[in-house]
Amino acid sequence: MKLLILNGPNLNLLGLREPGIYGTENYQSLLRRIEDYCAEKGVEVCFYQSNHEGFLVDRIQQAYGECDGIVFNPGAYTHTSIALLDALKAVGIPTVEVHISDVTKREEFRQISYLRAACFATISGHGTDGYLEAVDLHLAREASL
Ligand code: DQA
């Protein structure tokens with residue numbers, strides 16, 4: 001199985017960015033941790049982060065025929081982007097939505113996820129461990145097929 005770990009705007013600033021909400025682990029060390037975890041589980045993995053909506057759409061389109069699953073933290077685009085929803089629907093790649101913080105307990109504007117409709121699961125509020133849990137959900141889904 002090959003997974004794409006996709007991160008949206010400002011997630012490259014993990015560690016620096018509002019550590020009280022998003023924790024102190026930086027983006028590079030998170031990627032290493034995901035890489036090690038996937039290697040242990042025999043999962044092939046690739047990473048992409050962008051602050052630009054269109055680049056994220058491009059990467060989702062590129063993943064068609066290349067990746068079996070996506071782990072996606074769309075950042076603030078979660079709450080605004082019909083283009084990302086349409087991209088996920090277009091390629092039909094099984095996707096888990098991940099949020100580091102518990103968006104259900106935050107501002108009103110974070111209560112809507114446009115992307116949830118195209119994801120088979122959502123993990124919210126488990127910190128950066130949520131990415132590893134998303135890998136496990138992909139493995140469990142694959143095993144159940
Ligand atoms: C986030 C939650 C979003 O509301 C926010 O805009 C982010 C990060 C999270 O991981 O908790 O950028 O997706």
# chains A, B, ... in the order shown; residues from 1 in each chain; ligands from 1
>>> residues_near_ligand(ligand="ligand 1", cutoff="8 Å", atoms="only C-alpha atoms and all ligand atoms", output="mmCIF file with N, CA and C atoms, in the first residue's frame")
data_model
loop_
_atom_site.group_PDB
_atom_site.id
_atom_site.type_symbol
_atom_site.label_atom_id
_atom_site.label_comp_id
_atom_site.auth_asym_id
_atom_site.auth_seq_id
_atom_site.Cartn_x
_atom_site.Cartn_y
_atom_site.Cartn_z
ATOM 1 N N GLY A 8 -2.008 20.849 4.382
ATOM 2 C CA GLY A 8 -2.365 22.157 3.841
ATOM 3 C C GLY A 8 -1.650 23.302 4.545
ATOM 4 N N PRO A 9 -2.212 24.497 4.416
ATOM 5 C CA PRO A 9 -1.537 25.717 4.837
ATOM 6 C C PRO A 9 -1.158 25.759 6.317
ATOM 7 N N ASN A 10 0.045 26.260 6.532
ATOM 8 C CA ASN A 10 0.609 26.541 7.865
ATOM 9 C C ASN A 10 1.048 25.307 8.633
ATOM 10 N N LEU A 11 0.823 24.129 8.062
ATOM 11 C CA LEU A 11 1.263 22.930 8.794
ATOM 12 C C LEU A 11 2.777 22.760 8.717
ATOM 13 N N ILE A 21 -1.934 24.852 21.051
ATOM 14 C CA ILE A 21 -3.011 24.167 20.306
ATOM 15 C C ILE A 21 -2.455 22.989 19.503
ATOM 16 N N TYR A 22 -1.303 23.225 18.837
ATOM 17 C CA TYR A 22 -0.810 22.225 17.879
ATOM 18 C C TYR A 22 0.399 21.423 18.378
ATOM 19 N N ASN A 73 -4.511 16.460 6.162
ATOM 20 C CA ASN A 73 -4.852 17.566 7.052
ATOM 21 C C ASN A 73 -4.919 18.826 6.186
ATOM 22 N N PRO A 74 -6.116 19.241 5.814
ATOM 23 C CA PRO A 74 -6.262 20.363 4.890
ATOM 24 C C PRO A 74 -6.095 21.732 5.562
ATOM 25 N N GLY A 75 -5.816 21.755 6.874
ATOM 26 C CA GLY A 75 -5.678 23.038 7.566
ATOM 27 C C GLY A 75 -6.947 23.857 7.400
ATOM 28 N N ALA A 76 -6.789 25.147 7.238
ATOM 29 C CA ALA A 76 -7.957 26.034 7.157
ATOM 30 C C ALA A 76 -8.820 25.774 5.923
ATOM 31 N N TYR A 77 -8.245 25.143 4.883
ATOM 32 C CA TYR A 77 -9.063 24.832 3.695
ATOM 33 C C TYR A 77 -10.172 23.832 3.996
ATOM 34 N N THR A 78 -10.021 23.121 5.126
ATOM 35 C CA THR A 78 -11.098 22.227 5.582
ATOM 36 C C THR A 78 -12.435 22.943 5.566
ATOM 37 N N HIS A 79 -12.379 24.199 6.040
ATOM 38 C CA HIS A 79 -13.612 24.929 6.317
ATOM 39 C C HIS A 79 -14.076 25.802 5.151
ATOM 40 N N VAL A 98 -7.496 14.390 8.902
ATOM 41 C CA VAL A 98 -6.828 14.485 10.209
ATOM 42 C C VAL A 98 -6.769 15.943 10.651
ATOM 43 N N HIS A 99 -7.116 16.165 11.923
ATOM 44 C CA HIS A 99 -6.874 17.466 12.552
ATOM 45 C C HIS A 99 -6.132 17.237 13.848
ATOM 46 N N ILE A 100 -5.089 17.981 14.039
ATOM 47 C CA ILE A 100 -4.273 17.852 15.253
ATOM 48 C C ILE A 100 -5.083 18.306 16.462
ATOM 49 N N SER A 101 -5.732 19.445 16.311
ATOM 50 C CA SER A 101 -6.550 19.978 17.406
ATOM 51 C C SER A 101 -7.955 19.381 17.320
ATOM 52 N N ASP A 102 -8.699 19.519 18.404
ATOM 53 C CA ASP A 102 -10.083 19.051 18.393
ATOM 54 C C ASP A 102 -10.960 20.168 17.845
ATOM 55 N N VAL A 103 -11.195 20.119 16.544
ATOM 56 C CA VAL A 103 -11.935 21.208 15.891
ATOM 57 C C VAL A 103 -13.372 21.310 16.411
ATOM 58 N N ARG A 110 -14.931 26.621 12.540
ATOM 59 C CA ARG A 110 -14.189 25.363 12.331
ATOM 60 C C ARG A 110 -15.102 24.139 12.421
ATOM 61 N N SER A 124 -9.714 13.806 14.956
ATOM 62 C CA SER A 124 -9.598 15.200 15.380
ATOM 63 C C SER A 124 -9.252 15.248 16.856
ATOM 64 N N GLY A 125 -8.195 15.997 17.183
ATOM 65 C CA GLY A 125 -7.885 16.219 18.595
ATOM 66 C C GLY A 125 -6.963 15.188 19.219
ATOM 67 N N GLY A 127 -3.736 15.144 18.553
ATOM 68 C CA GLY A 127 -2.381 15.651 18.360
ATOM 69 C C GLY A 127 -1.780 15.075 17.084
#
>>> residues_around(residues="Gly23 (chain A)", least_positions_apart="3", cutoff="9 Å", atoms="only C-alpha atoms", output="MDAnalysis selection string")
chainID A and resid 14:20 26 100 127:128
>>> write_last_selection(atoms="N, CA, C and O atoms", output="mmCIF file, in the first residue's frame")
data_model
loop_
_atom_site.group_PDB
_atom_site.id
_atom_site.type_symbol
_atom_site.label_atom_id
_atom_site.label_comp_id
_atom_site.auth_asym_id
_atom_site.auth_seq_id
_atom_site.Cartn_x
_atom_site.Cartn_y
_atom_site.Cartn_z
ATOM 1 N N LEU A 14 4.481 23.774 12.039
ATOM 2 C CA LEU A 14 4.266 23.026 13.284
ATOM 3 C C LEU A 14 5.478 23.188 14.187
ATOM 4 O O LEU A 14 6.619 23.208 13.721
ATOM 5 N N GLY A 15 5.222 23.267 15.466
ATOM 6 C CA GLY A 15 6.316 23.463 16.425
ATOM 7 C C GLY A 15 6.402 24.928 16.818
ATOM 8 O O GLY A 15 6.493 25.268 17.994
ATOM 9 N N LEU A 16 6.308 25.781 15.788
ATOM 10 C CA LEU A 16 6.368 27.229 16.002
ATOM 11 C C LEU A 16 4.955 27.789 16.193
ATOM 12 O O LEU A 16 4.711 28.710 16.973
ATOM 13 N N ARG A 17 4.051 27.171 15.486
ATOM 14 C CA ARG A 17 2.690 27.683 15.357
ATOM 15 C C ARG A 17 1.829 27.319 16.578
ATOM 16 O O ARG A 17 1.595 26.137 16.830
ATOM 17 N N GLU A 18 1.349 28.314 17.305
ATOM 18 C CA GLU A 18 0.433 28.113 18.427
ATOM 19 C C GLU A 18 0.655 26.768 19.141
ATOM 20 O O GLU A 18 -0.224 25.894 19.122
ATOM 21 N N PRO A 19 1.825 26.616 19.781
ATOM 22 C CA PRO A 19 2.144 25.306 20.384
ATOM 23 C C PRO A 19 1.134 24.830 21.426
ATOM 24 O O PRO A 19 0.988 23.618 21.621
ATOM 25 N N GLY A 20 0.425 25.782 22.043
ATOM 26 C CA GLY A 20 -0.609 25.395 23.010
ATOM 27 C C GLY A 20 -1.757 24.631 22.350
ATOM 28 O O GLY A 20 -2.467 23.870 23.001
ATOM 29 N N ASN A 26 7.957 19.616 15.555
ATOM 30 C CA ASN A 26 8.002 20.357 14.295
ATOM 31 C C ASN A 26 7.667 19.459 13.095
ATOM 32 O O ASN A 26 7.600 18.232 13.216
ATOM 33 N N ILE A 100 -5.089 17.981 14.039
ATOM 34 C CA ILE A 100 -4.273 17.852 15.253
ATOM 35 C C ILE A 100 -5.083 18.306 16.462
ATOM 36 O O ILE A 100 -5.122 17.644 17.499
ATOM 37 N N GLY A 127 -3.736 15.144 18.553
ATOM 38 C CA GLY A 127 -2.381 15.651 18.360
ATOM 39 C C GLY A 127 -1.780 15.075 17.084
ATOM 40 O O GLY A 127 -2.507 14.576 16.211
ATOM 41 N N THR A 128 -0.448 15.110 17.006
ATOM 42 C CA THR A 128 0.196 14.604 15.784
ATOM 43 C C THR A 128 0.118 13.075 15.693
ATOM 44 O O THR A 128 0.309 12.513 14.615
#
>>> residues_around(residues="Glu44 (chain A)", least_positions_apart="2", cutoff="9 Å", atoms="only C-alpha atoms", output="PDB file with N, CA and C atoms, in the first residue's frame")
ATOM      1  N   MET A   1       0.836  -1.204   0.000  1.00  0.00           N
ATOM      2  CA  MET A   1       0.000   0.000   0.000  1.00  0.00           C
ATOM      3  C   MET A   1       0.875   1.260   0.000  1.00  0.00           C
ATOM      4  N   LYS A   2       0.492   2.199  -0.828  1.00  0.00           N
ATOM      5  CA  LYS A   2       1.222   3.471  -0.857  1.00  0.00           C
ATOM      6  C   LYS A   2       0.296   4.610  -0.412  1.00  0.00           C
ATOM      7  N   LEU A   3       0.748   5.361   0.589  1.00  0.00           N
ATOM      8  CA  LEU A   3      -0.055   6.459   1.123  1.00  0.00           C
ATOM      9  C   LEU A   3       0.590   7.810   0.823  1.00  0.00           C
ATOM     10  N   LEU A   4      -0.262   8.770   0.529  1.00  0.00           N
ATOM     11  CA  LEU A   4       0.173  10.160   0.410  1.00  0.00           C
ATOM     12  C   LEU A   4      -0.228  10.889   1.692  1.00  0.00           C
ATOM     13  N   GLU A  35       7.270   8.428   8.699  1.00  0.00           N
ATOM     14  CA  GLU A  35       8.083   7.579   7.812  1.00  0.00           C
ATOM     15  C   GLU A  35       8.500   6.292   8.535  1.00  0.00           C
ATOM     16  N   CYS A  38       5.472   4.019   9.125  1.00  0.00           N
ATOM     17  CA  CYS A  38       5.052   3.354   7.887  1.00  0.00           C
ATOM     18  C   CYS A  38       6.046   2.251   7.508  1.00  0.00           C
ATOM     19  N   ALA A  39       7.326   2.501   7.710  1.00  0.00           N
ATOM     20  CA  ALA A  39       8.343   1.483   7.390  1.00  0.00           C
ATOM     21  C   ALA A  39       8.098   0.229   8.242  1.00  0.00           C
ATOM     22  N   LYS A  41       5.350  -0.802   9.385  1.00  0.00           N
ATOM     23  CA  LYS A  41       4.094  -1.458   8.979  1.00  0.00           C
ATOM     24  C   LYS A  41       4.133  -1.922   7.525  1.00  0.00           C
ATOM     25  N   GLY A  42       5.262  -1.689   6.854  1.00  0.00           N
ATOM     26  CA  GLY A  42       5.383  -2.106   5.461  1.00  0.00           C
ATOM     27  C   GLY A  42       4.558  -1.256   4.508  1.00  0.00           C
ATOM     28  N   CYS A  46       4.587   8.843   0.782  1.00  0.00           N
ATOM     29  CA  CYS A  46       5.176  10.057   0.223  1.00  0.00           C
ATOM     30  C   CYS A  46       4.481  11.255   0.871  1.00  0.00           C
TER      31      CYS A  46
END
>>> select_by_dssp(residues="region 19-66 of chain A", states="helix (DSSP H, G or I)", output="compact mmCIF listing (two decimals) with N, CA and C atoms, in the first residue's frame")
# COMPACT_ATOMS: atom_id res chain seq x y z
N PRO A 19 1.83 26.62 19.78
CA PRO A 19 2.14 25.31 20.38
C PRO A 19 1.13 24.83 21.43
N GLY A 20 0.43 25.78 22.04
CA GLY A 20 -0.61 25.40 23.01
C GLY A 20 -1.76 24.63 22.35
N ILE A 21 -1.93 24.85 21.05
CA ILE A 21 -3.01 24.17 20.31
C ILE A 21 -2.46 22.99 19.50
N TYR A 22 -1.30 23.23 18.84
CA TYR A 22 -0.81 22.22 17.88
C TYR A 22 0.40 21.42 18.38
N TYR A 27 7.45 20.12 11.95
CA TYR A 27 6.96 19.41 10.76
C TYR A 27 7.93 18.31 10.32
N GLN A 28 9.24 18.65 10.30
CA GLN A 28 10.23 17.66 9.83
C GLN A 28 10.26 16.44 10.73
N SER A 29 10.17 16.69 12.04
CA SER A 29 10.24 15.54 12.94
C SER A 29 8.95 14.72 12.86
N LEU A 30 7.82 15.37 12.60
CA LEU A 30 6.58 14.62 12.36
C LEU A 30 6.73 13.72 11.13
N LEU A 31 7.29 14.27 10.06
CA LEU A 31 7.45 13.47 8.84
C LEU A 31 8.32 12.25 9.09
N ARG A 32 9.40 12.46 9.86
CA ARG A 32 10.30 11.33 10.17
C ARG A 32 9.55 10.26 10.97
N ARG A 33 8.73 10.72 11.92
CA ARG A 33 7.98 9.78 12.76
C ARG A 33 6.98 8.99 11.91
N ILE A 34 6.31 9.66 10.98
CA ILE A 34 5.36 8.96 10.10
C ILE A 34 6.11 7.97 9.21
N GLU A 35 7.27 8.43 8.70
CA GLU A 35 8.08 7.58 7.81
C GLU A 35 8.50 6.29 8.54
N ASP A 36 8.99 6.44 9.77
CA ASP A 36 9.43 5.28 10.56
C ASP A 36 8.25 4.35 10.83
N TYR A 37 7.11 4.94 11.19
CA TYR A 37 5.92 4.16 11.50
C TYR A 37 5.48 3.36 10.27
N CYS A 38 5.47 4.02 9.12
CA CYS A 38 5.05 3.35 7.89
C CYS A 38 6.05 2.25 7.51
N ALA A 39 7.33 2.50 7.71
CA ALA A 39 8.34 1.48 7.39
C ALA A 39 8.10 0.23 8.24
N GLU A 40 7.83 0.44 9.53
CA GLU A 40 7.52 -0.69 10.44
C GLU A 40 6.34 -1.51 9.95
N LYS A 41 5.35 -0.80 9.38
CA LYS A 41 4.09 -1.46 8.98
C LYS A 41 4.13 -1.92 7.52
N GLU A 53 -4.04 26.39 -2.33
CA GLU A 53 -5.14 25.46 -2.60
C GLU A 53 -4.97 24.72 -3.93
N GLY A 54 -4.63 25.47 -4.99
CA GLY A 54 -4.51 24.86 -6.32
C GLY A 54 -3.41 23.80 -6.37
N PHE A 55 -2.32 24.04 -5.65
CA PHE A 55 -1.23 23.05 -5.63
C PHE A 55 -1.70 21.76 -4.94
N LEU A 56 -2.55 21.93 -3.93
CA LEU A 56 -3.10 20.74 -3.24
C LEU A 56 -4.03 19.98 -4.19
N VAL A 57 -4.83 20.72 -4.96
CA VAL A 57 -5.69 20.08 -5.97
C VAL A 57 -4.82 19.31 -6.96
N ASP A 58 -3.74 19.96 -7.44
CA ASP A 58 -2.84 19.30 -8.41
C ASP A 58 -2.27 18.01 -7.83
N ARG A 59 -1.87 18.07 -6.55
CA ARG A 59 -1.22 16.88 -5.94
C ARG A 59 -2.23 15.74 -5.79
N ILE A 60 -3.48 16.09 -5.46
CA ILE A 60 -4.52 15.05 -5.35
C ILE A 60 -4.75 14.41 -6.72
N GLN A 61 -4.82 15.23 -7.75
CA GLN A 61 -5.01 14.69 -9.10
C GLN A 61 -3.85 13.78 -9.51
N GLN A 62 -2.63 14.23 -9.17
CA GLN A 62 -1.43 13.43 -9.48
C GLN A 62 -1.43 12.08 -8.78
>>> residues_around(residues="region 65-71 of chain A", least_positions_apart="5", cutoff="10 Å", atoms="only C-alpha atoms", output="PyMOL selection string")
chain A and resi 1-7+44-47+60+88+91-98+119+121-122+130-135+137-139+142
>>> write_last_selection(atoms="N, CA, C and O atoms", output="short mmCIF file (atom, residue, chain, number, x, y, z; two decimals), in the first residue's frame")
data_model
loop_
_atom_site.label_atom_id
_atom_site.label_comp_id
_atom_site.auth_asym_id
_atom_site.auth_seq_id
_atom_site.Cartn_x
_atom_site.Cartn_y
_atom_site.Cartn_z
N MET A 1 0.84 -1.20 0.00
CA MET A 1 0.00 0.00 0.00
C MET A 1 0.87 1.26 0.00
O MET A 1 1.86 1.33 0.72
N LYS A 2 0.49 2.20 -0.83
CA LYS A 2 1.22 3.47 -0.86
C LYS A 2 0.30 4.61 -0.41
O LYS A 2 -0.79 4.78 -0.97
N LEU A 3 0.75 5.36 0.59
CA LEU A 3 -0.05 6.46 1.12
C LEU A 3 0.59 7.81 0.82
O LEU A 3 1.82 7.94 0.87
N LEU A 4 -0.26 8.77 0.53
CA LEU A 4 0.17 10.16 0.41
C LEU A 4 -0.23 10.89 1.69
O LEU A 4 -1.40 10.87 2.08
N ILE A 5 0.75 11.49 2.37
CA ILE A 5 0.48 12.30 3.56
C ILE A 5 0.45 13.74 3.09
O ILE A 5 1.49 14.30 2.69
N LEU A 6 -0.73 14.30 3.09
CA LEU A 6 -0.95 15.61 2.48
C LEU A 6 -1.29 16.64 3.56
O LEU A 6 -2.18 16.41 4.39
N ASN A 7 -0.57 17.74 3.55
CA ASN A 7 -0.80 18.79 4.55
C ASN A 7 -1.03 20.14 3.88
O ASN A 7 -0.31 20.52 2.96
N GLU A 44 4.35 2.02 2.03
CA GLU A 44 5.14 3.01 1.28
C GLU A 44 4.49 4.37 1.48
O GLU A 44 3.25 4.46 1.51
N VAL A 45 5.30 5.41 1.59
CA VAL A 45 4.71 6.70 1.91
C VAL A 45 5.37 7.83 1.13
O VAL A 45 6.57 7.76 0.81
N CYS A 46 4.59 8.84 0.78
CA CYS A 46 5.18 10.06 0.22
C CYS A 46 4.48 11.25 0.87
O CYS A 46 3.38 11.12 1.42
N PHE A 47 5.14 12.40 0.84
CA PHE A 47 4.67 13.56 1.58
C PHE A 47 4.54 14.77 0.65
O PHE A 47 5.35 14.95 -0.27
N ILE A 60 -3.48 16.09 -5.46
CA ILE A 60 -4.52 15.05 -5.35
C ILE A 60 -4.75 14.41 -6.72
O ILE A 60 -4.83 13.19 -6.85
N LEU A 88 -10.99 15.36 -4.33
CA LEU A 88 -11.02 14.05 -3.66
C LEU A 88 -12.11 13.17 -4.28
O LEU A 88 -11.90 11.98 -4.52
N VAL A 91 -10.98 11.82 -7.86
CA VAL A 91 -10.00 10.71 -7.95
C VAL A 91 -10.49 9.47 -7.20
O VAL A 91 -10.05 8.36 -7.47
N GLY A 92 -11.39 9.67 -6.23
CA GLY A 92 -11.96 8.52 -5.50
C GLY A 92 -10.96 7.75 -4.66
O GLY A 92 -11.17 6.57 -4.36
N ILE A 93 -9.87 8.38 -4.27
CA ILE A 93 -8.86 7.70 -3.44
C ILE A 93 -9.32 7.73 -1.98
O ILE A 93 -9.65 8.81 -1.47
N PRO A 94 -9.36 6.56 -1.31
CA PRO A 94 -9.79 6.54 0.09
C PRO A 94 -8.94 7.50 0.94
O PRO A 94 -7.71 7.47 0.88
N THR A 95 -9.64 8.34 1.69
CA THR A 95 -8.95 9.42 2.41
C THR A 95 -9.40 9.49 3.87
O THR A 95 -10.59 9.33 4.15
N VAL A 96 -8.42 9.70 4.75
CA VAL A 96 -8.72 9.99 6.15
C VAL A 96 -8.39 11.46 6.40
O VAL A 96 -7.29 11.92 6.08
N GLU A 97 -9.35 12.16 6.97
CA GLU A 97 -9.17 13.57 7.34
C GLU A 97 -8.56 13.61 8.75
O GLU A 97 -9.06 12.93 9.65
N VAL A 98 -7.50 14.39 8.90
CA VAL A 98 -6.83 14.48 10.21
C VAL A 98 -6.77 15.94 10.65
O VAL A 98 -6.43 16.83 9.86
N CYS A 119 -14.33 11.70 2.78
CA CYS A 119 -13.36 10.94 3.59
C CYS A 119 -14.07 9.78 4.29
O CYS A 119 -15.22 9.93 4.70
N ALA A 121 -13.05 8.47 7.12
CA ALA A 121 -12.92 8.66 8.57
C ALA A 121 -12.31 10.02 8.84
O ALA A 121 -11.64 10.61 7.98
N THR A 122 -12.57 10.49 10.05
CA THR A 122 -11.98 11.76 10.51
C THR A 122 -11.37 11.54 11.88
O THR A 122 -11.99 10.92 12.74
N GLY A 130 -2.44 11.55 15.57
CA GLY A 130 -3.58 11.32 14.69
C GLY A 130 -3.15 10.85 13.29
O GLY A 130 -3.86 10.09 12.64
N TYR A 131 -1.99 11.32 12.84
CA TYR A 131 -1.50 10.89 11.51
C TYR A 131 -1.20 9.39 11.51
O TYR A 131 -1.45 8.69 10.53
N LEU A 132 -0.62 8.90 12.63
CA LEU A 132 -0.29 7.47 12.72
C LEU A 132 -1.57 6.65 12.82
O LEU A 132 -1.68 5.58 12.21
N GLU A 133 -2.53 7.17 13.55
CA GLU A 133 -3.83 6.49 13.67
C GLU A 133 -4.49 6.41 12.28
O GLU A 133 -5.15 5.42 11.97
N ALA A 134 -4.30 7.44 11.49
CA ALA A 134 -4.88 7.44 10.14
C ALA A 134 -4.24 6.35 9.28
O ALA A 134 -4.92 5.69 8.48
N VAL A 135 -2.93 6.15 9.45
CA VAL A 135 -2.25 5.06 8.72
C VAL A 135 -2.88 3.73 9.13
O VAL A 135 -3.20 2.88 8.28
N LEU A 137 -5.88 3.22 10.24
CA LEU A 137 -7.23 3.11 9.66
C LEU A 137 -7.17 2.66 8.20
O LEU A 137 -7.99 1.86 7.75
N HIS A 138 -6.17 3.16 7.48
CA HIS A 138 -6.01 2.71 6.08
C HIS A 138 -5.69 1.22 6.03
O HIS A 138 -6.23 0.49 5.20
N LEU A 139 -4.81 0.78 6.94
CA LEU A 139 -4.44 -0.64 6.96
C LEU A 139 -5.65 -1.50 7.31
O LEU A 139 -5.89 -2.54 6.70
N GLU A 142 -7.99 -1.68 4.36
CA GLU A 142 -7.47 -2.57 3.31
C GLU A 142 -7.67 -4.03 3.71
O GLU A 142 -8.06 -4.86 2.89
#
>>> decode(residues="region 63-81 of chain A", atoms="C-alpha atoms", output="mmCIF file, in the first residue's frame")
data_model
loop_
_atom_site.group_PDB
_atom_site.id
_atom_site.type_symbol
_atom_site.label_atom_id
_atom_site.label_comp_id
_atom_site.auth_asym_id
_atom_site.auth_seq_id
_atom_site.Cartn_x
_atom_site.Cartn_y
_atom_site.Cartn_z
ATOM 1 C CA ALA A 63 -2.075 10.800 -6.815
ATOM 2 C CA TYR A 64 -4.611 9.093 -9.083
ATOM 3 C CA GLY A 65 -3.120 5.764 -10.139
ATOM 4 C CA GLU A 66 -0.091 6.413 -7.912
ATOM 5 C CA CYS A 67 -1.419 6.180 -4.333
ATOM 6 C CA ASP A 68 -3.868 3.811 -2.657
ATOM 7 C CA GLY A 69 -4.783 6.188 0.137
ATOM 8 C CA ILE A 70 -4.453 9.734 1.398
ATOM 9 C CA VAL A 71 -3.996 11.061 4.932
ATOM 10 C CA PHE A 72 -5.074 14.668 4.651
ATOM 11 C CA ASN A 73 -4.852 17.566 7.052
ATOM 12 C CA PRO A 74 -6.262 20.363 4.890
ATOM 13 C CA GLY A 75 -5.678 23.038 7.566
ATOM 14 C CA ALA A 76 -7.957 26.034 7.157
ATOM 15 C CA TYR A 77 -9.063 24.832 3.695
ATOM 16 C CA THR A 78 -11.098 22.227 5.582
ATOM 17 C CA HIS A 79 -13.612 24.929 6.317
ATOM 18 C CA THR A 80 -13.683 26.648 2.922
ATOM 19 C CA SER A 81 -12.654 24.472 -0.001
#
